[in-house]
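Okay, so here's the structure we're looking at.
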Amino acid sequence: MKLSEWRQLVQEHGCLEMVSRLLERIEKSKLNAYITVCREESLRRAEEYDKGKVKGRLAGVPVAVKDNITTKGIKTTCASKMLSNYIPVFDAHVVERLKEEGAIIIGKTNMDEFGMGTTTETSYFGVVRNPYDLSRVAGGSSGGSAAVLAGEEAILALGSDTGGSIRCPASFCGVYGLKPTYGLVSRYGLIPYANSLEQIGPMANSIEDLALLLEVIAGKDERDSTNAGRGFKFSESKEFRIAVVKNMTAEDQIMDRFYDTLNGFEYEEIELPSLKYALAAYYVIAMSEASSNLARYDGVRYGYSVPELTSWGDYFSRVRAEGFGEEVKRRIMLGSYALSAGYYGKYYLKALKARTLIIEDFRRAFGDFDILVSPTMPTLPFKIGELRDPLTMYKMDVNTVPVNLAGLPALNVPIGFIRGLPVGIQVIGNYFEESKILSFAKRIAAE
Amino acid sequence: MVSVEDVYHVARLAKLMISEPEAEKFRKEFEDILRYFDVLDEVSQDVRPTFHVLEIKNIFREDLPKEGLTHEAALQNAPRKEEGYFVGPKVVD
C-alpha cells in the first residue's frame with residue numbers, strides 16, 4: 001500500500017481503526033517478518049493522531065524499522081541470540097527523525113543475524129518468507145523490511161545496506177529500496193557490521209514515498225563522524241545519459257525482462273573491468289571490519305552471558321560461541337585471518353587497492369553517463385534452504401557490492417514478475433545524485 | 001591450503017570456542033573462500049588503498065560538556081552488576 005492510499009483510508013476510518021486492522025493483519029501473518037511488534041505504543045500514537053495532536057510529514061504513518069537500528073525502550077536484537085534481550089537506552093538518529101515527523105514505529109523487522117546474509121536464513125528468530133511464495137526467501141539482510149511492505153504489514157520501512165541488504169530483498173519482494181550515498185544518512189544508532197560500507201536507507205511501495213522517507217532521514221548529525229553534513233530534497237530531472245553495465249549480469253530470463261524494460265530508452269553498453277575484484281574485495285573488507293566491530297560482545301556490559309564466571313579468555317570465548325550463529329562466526333574468523341600477521345598485505349590491503357580501482361572505473365563511467373543500470377539480483381528468489389554453501393551464497397551479491405565499495409547511491413525498481421516471482425532493476429547514480437536515480441526510477445515505473 | 005590448526009588459531013584470535021566438527025567444516029569452507037579471494041593477487045601493489053570513500057578528515061566541534069547516559073542507564077543491560085559496577089570474570093588467576 002502506498003502512503004497516499006493509507007492517508008485516504010485514515011481520513012475515511014480514522015488512524016486508530018486503520019492501525020488496529022494493520023496489527024490484526026500482522027498477528028495473522030505467516031511471513032515471520034517482525035521480531036517485535038509495538039502494539040500498545042502504536043495504538044496510543046494512533047489515538048493521539050485522531051485527536052489532532054500529532055504533526056509532521058509522517059504523522060500517523062506506520063513505519064517498520066530494521067532490528068539493527070536502536071530504538072529507546074524497544075528491544076533491538078540484530079536477529080542474534082547475543083542481543084536477544086537488549087533494550088537500547090537511546091534512539092538512533094533516524095528514529096529521532098521519524099518521531100519528530102510524527103511517524104508510528106509499528107515494529108522491528110527480522111533480518112539476517114547482524115546483517116550477515118542474503119536470505120534472512122541466518123536470523124536467530126527464523127527465516128522471513130517471501131509474500132509472493134511462502135516456500136521462498138524474501139532476500140536479505142533487510143528481508144523483514146521488504147516483506148512487510150509487500151505483505152501490507154507496514155506503509156514505509158527502514159533497512160540498512162552493507163553489500164546489497166536493502167536492494168536484494170526489495171528485488172525479491174517487488175518493492176522499492178534505496179541505498180544512499182555513503183555519509184548522507186547518519187549511522188548513529190545503527191549497530192555496526194562494516195562501518196565503511198553501510199548506510200541506513202528507505203524502503204517503500206512507490207518512488208514518491210521512497211523520496212519522502214529519504215528527505216526525513218538524511219541530514220547532518222555530528223554524532224556520526226563520517227556524516228557528510230548535508231540534507232536531501234528531491235528535485236525531478238528529465239534528461240538522462242544512460243549506460244547498461246554489461247558485466248553486471250543475471251539469468252537469461254531476467255536479462256530478457258531487463259532489456260524489455262529499457263525498451264524506449266536510449267542507452268549505451270559499457271564494461272567496468274575492475275568489477276571482477278568486487279566480490280572478493282567486498283567480503284575481505286566486510287569480514288575484516290566485522291571482526292573488529294563484533295569484538296565488543298563480551299557478555300559483560302550487555303548481551304548474552306553464560307552462568308559460570310571463569311577466566312577472562314574462557315568466559316569471553318564461551319559467551320561468543322553460544323551467542324553468535326554460524327555465519328557470524330565464519331565472518332569474524334575470516335576477518336581475523338585477513339587482518340592477522342602475514343596475511344594483512346595479501347588480503348586486506350589488496351582489497352582496499354581493488355576498491356580504488358573500482359572507484360576509478362565508476363568515476364570514468366560517470367564522466368560520460370549519469371545513470372548506470374543492471375539487474376539487481378542474478379537470480380529469482382530461491383527456495384528456503386536451497387543455498388547451503390557459503391561461497392555460493394556470497395556470489396549472489398555480485399551486482400550489489402560494487403556500489404557499497406564505491407559509496408555510491410543505488411536503488412531497486414520492481415519491473416514485474418517471472419512465473420509469479422518479482423524481478424528488479426538496479427539504478428546507480430553518482431555521489432549525492434539521489435534525485436537523478438529517483439527520477440529515472442519514476443520514469444521506469446511509469447512505463 | 002588451510003589446516004585445522006589454522007582454524008583453531010583464528011578461533012583463538014577471535015575469542016570463539018569451536019568444536020572439532022565445526023573446525024573441520026570451517027576448514028573446508030575457508031579453503032574454498034580463500035581460494036576465491038586469490039583473484040586479488042592480480043591487483044598491482046602500486047595502487048593506493050582506499051580506507052574510506054569520503055574525503056573528510058578531522059571534523060571538529062566545540063568541546064562542550066553534554067548530558068551523557070545516567071549511571072543506571074549504562075548498567076541497564078549488564079548481565080551482572082554490583083554496587084554500581086559491571087561484574088566481569090577474573091583477568092588474572
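Lettering and numbering for the C-alpha cells are positional, with chains as A, B, ... in the shown order, residues counted from 1 in each chain, and ligands counted from 1 in the shown order.
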
> Which neighbours of Ser44 of chain B fall inside 10 Å, counting only C-alpha atoms, when residues of the same chain fewer than 2 positions from it are skipped, and could you give them as an MDAnalysis selection string?
Replying inline: (chainID A and resid 350 353:354 357) or (chainID B and resid 40:42 46:48)

Residues from last step as file, all heavy atoms, as a tab-separated table (two decimals), in the first residue's frame:
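Resulting contents of result.tsv:
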chain	number	residue	atom	x	y	z
A	350	LYS	N	45.18	-5.58	-0.19
A	350	LYS	CA	44.87	-5.80	-1.61
A	350	LYS	C	43.40	-5.46	-1.90
A	350	LYS	O	43.08	-4.89	-2.94
A	350	LYS	CB	45.16	-7.25	-2.01
A	350	LYS	CG	46.59	-7.49	-2.47
A	350	LYS	CD	46.89	-6.74	-3.75
A	350	LYS	CE	48.30	-6.87	-4.24
A	350	LYS	NZ	48.64	-8.19	-4.77
A	353	LYS	N	43.04	-1.83	-2.22
A	353	LYS	CA	43.59	-1.36	-3.50
A	353	LYS	C	42.59	-1.65	-4.63
A	353	LYS	O	42.38	-0.81	-5.51
A	353	LYS	CB	44.93	-2.04	-3.78
A	353	LYS	CG	46.06	-1.53	-2.88
A	353	LYS	CD	47.32	-2.39	-3.04
A	353	LYS	CE	48.32	-2.14	-1.94
A	353	LYS	NZ	49.26	-1.07	-2.24
A	354	ALA	N	41.99	-2.83	-4.59
A	354	ALA	CA	40.97	-3.17	-5.59
A	354	ALA	C	39.81	-2.18	-5.51
A	354	ALA	O	39.26	-1.76	-6.52
A	354	ALA	CB	40.46	-4.59	-5.35
A	357	LEU	N	40.51	0.79	-7.54
A	357	LEU	CA	40.31	0.55	-8.98
A	357	LEU	C	38.83	0.60	-9.36
A	357	LEU	O	38.46	1.13	-10.41
A	357	LEU	CB	40.90	-0.81	-9.37
A	357	LEU	CG	42.41	-0.99	-9.18
A	357	LEU	CD1	42.83	-2.41	-9.55
A	357	LEU	CD2	43.18	0.03	-10.02
B	40	LEU	N	42.47	-11.39	-5.93
B	40	LEU	CA	43.05	-10.10	-5.54
B	40	LEU	C	44.57	-10.05	-5.76
B	40	LEU	O	45.16	-8.96	-5.78
B	40	LEU	CB	42.73	-9.79	-4.06
B	40	LEU	CG	41.23	-9.62	-3.73
B	40	LEU	CD1	41.03	-9.53	-2.23
B	40	LEU	CD2	40.66	-8.38	-4.42
B	41	ASP	N	45.19	-11.22	-5.92
B	41	ASP	CA	46.64	-11.26	-6.19
B	41	ASP	C	47.01	-10.49	-7.45
B	41	ASP	O	48.12	-9.97	-7.57
B	41	ASP	CB	47.13	-12.72	-6.35
B	41	ASP	CG	47.10	-13.46	-5.02
B	41	ASP	OD1	46.97	-12.79	-3.97
B	41	ASP	OD2	47.20	-14.70	-5.03
B	42	GLU	N	46.06	-10.42	-8.40
B	42	GLU	CA	46.32	-9.72	-9.66
B	42	GLU	C	46.45	-8.21	-9.49
B	42	GLU	O	47.00	-7.54	-10.36
B	42	GLU	CB	45.11	-9.90	-10.60
B	42	GLU	CG	44.96	-11.24	-11.24
B	42	GLU	CD	43.66	-11.28	-12.04
B	42	GLU	OE1	43.17	-10.23	-12.50
B	42	GLU	OE2	43.11	-12.40	-12.16
B	46	ASP	N	51.11	-1.15	-6.64
B	46	ASP	CA	51.31	0.30	-6.77
B	46	ASP	C	50.05	1.12	-6.55
B	46	ASP	O	50.10	2.33	-6.42
B	46	ASP	CB	51.84	0.62	-8.19
B	46	ASP	CG	53.12	-0.13	-8.48
B	46	ASP	OD1	53.82	-0.47	-7.50
B	46	ASP	OD2	53.40	-0.41	-9.67
B	47	VAL	N	48.89	0.44	-6.55
B	47	VAL	CA	47.63	1.18	-6.38
B	47	VAL	C	47.53	1.65	-4.93
B	47	VAL	O	47.88	0.93	-4.00
B	47	VAL	CB	46.43	0.28	-6.73
B	47	VAL	CG1	45.12	1.04	-6.60
B	47	VAL	CG2	46.58	-0.30	-8.13
B	48	ARG	N	47.03	2.88	-4.75
B	48	ARG	CA	46.84	3.43	-3.41
B	48	ARG	C	45.56	2.79	-2.79
B	48	ARG	O	44.55	2.67	-3.47
B	48	ARG	CB	46.69	4.95	-3.60
B	48	ARG	CG	46.10	5.77	-2.52
B	48	ARG	CD	45.86	7.21	-3.02
B	48	ARG	NE	44.87	7.26	-4.10
B	48	ARG	CZ	43.55	7.28	-3.90
B	48	ARG	NH1	43.06	7.25	-2.67
B	48	ARG	NH2	42.70	7.35	-4.91

> What residues in segment 17-46 of chain B get the DSSP label helix (DSSP H, G or I)? Please answer as a list of chain:residue names.
Replying inline: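 Filtering segment 17-46 of chain B down to helix (DSSP H, G or I) leaves B:Glu20, B:Pro21, B:Glu22, B:Ala23, B:Glu24, B:Lys25, B:Phe26, B:Arg27, B:Lys28, B:Glu29, B:Phe30, B:Glu31, B:Asp32, B:Ile33, B:Leu34, B:Arg35, B:Tyr36, B:Phe37, B:Asp38, B:Val39, B:Leu40, B:Asp41, B:Glu42.
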
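With only C-alpha atoms taken into account, the protein and nucleic acid residues at most 12 Å from Lys28 of chain B (excluding it and anything under 2 positions from it in its own chain) are Arg330, Asp389, Pro390 and Leu391 of chain A; Met1, Val2, Ser3, Val4, Asp6, Val7, Pro21, Glu22, Ala23, Glu24, Lys25, Phe26, Phe30, Glu31, Asp32, Ile33, Leu34 and Arg35 of chain B.
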
DSSP-assigned strand (DSSP E) among chain B, expressed as a short mmCIF file (atom, residue, chain, number, x, y, z; two decimals) with all heavy atoms, in the first residue's frame:
data_model
loop_
_atom_site.label_atom_id
_atom_site.label_comp_id
_atom_site.auth_asym_id
_atom_site.auth_seq_id
_atom_site.Cartn_x
_atom_site.Cartn_y
_atom_site.Cartn_z
N LYS B 81 25.74 -7.00 37.75
CA LYS B 81 26.23 -5.73 38.28
C LYS B 81 26.22 -5.78 39.80
O LYS B 81 25.47 -6.56 40.39
CB LYS B 81 25.38 -4.57 37.77
CG LYS B 81 23.90 -4.73 37.96
CD LYS B 81 23.11 -3.88 36.98
CE LYS B 81 21.76 -4.50 36.70
NZ LYS B 81 21.02 -3.89 35.63
N GLU B 82 27.09 -4.96 40.40
CA GLU B 82 27.20 -4.96 41.86
C GLU B 82 27.60 -3.56 42.30
O GLU B 82 28.58 -3.01 41.79
CB GLU B 82 28.29 -5.96 42.27
CG GLU B 82 27.88 -6.90 43.40
CD GLU B 82 28.97 -7.94 43.63
OE1 GLU B 82 28.91 -9.00 43.00
OE2 GLU B 82 29.91 -7.65 44.41
N TYR B 85 28.65 -1.18 39.64
CA TYR B 85 29.74 -1.59 38.73
C TYR B 85 29.31 -2.77 37.87
O TYR B 85 28.46 -3.57 38.28
CB TYR B 85 30.99 -1.99 39.52
CG TYR B 85 31.67 -0.84 40.22
CD1 TYR B 85 31.39 -0.58 41.55
CD2 TYR B 85 32.59 -0.05 39.54
CE1 TYR B 85 32.01 0.48 42.20
CE2 TYR B 85 33.22 1.00 40.18
CZ TYR B 85 32.93 1.28 41.51
OH TYR B 85 33.54 2.31 42.13
N PHE B 86 29.95 -2.91 36.68
CA PHE B 86 29.83 -4.14 35.91
C PHE B 86 30.61 -5.22 36.63
O PHE B 86 31.66 -4.95 37.21
CB PHE B 86 30.46 -3.98 34.52
CG PHE B 86 29.78 -2.99 33.63
CD1 PHE B 86 30.38 -1.77 33.33
CD2 PHE B 86 28.54 -3.28 33.07
CE1 PHE B 86 29.76 -0.85 32.49
CE2 PHE B 86 27.92 -2.37 32.21
CZ PHE B 86 28.52 -1.16 31.93
#

> Quick one: of B:His9, B:Pro49, B:Lys57, B:Ser19, who's nearest to chain A, counting only C-alpha atoms?
Replying inline: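 Residue with the minimum atom-to-atom distance to chain A: B:Pro49.
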
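The gap separating atom CA of Val175 of chain A from atom CA of Arg257 of chain A is 16.6 Å, in Å to one decimal.
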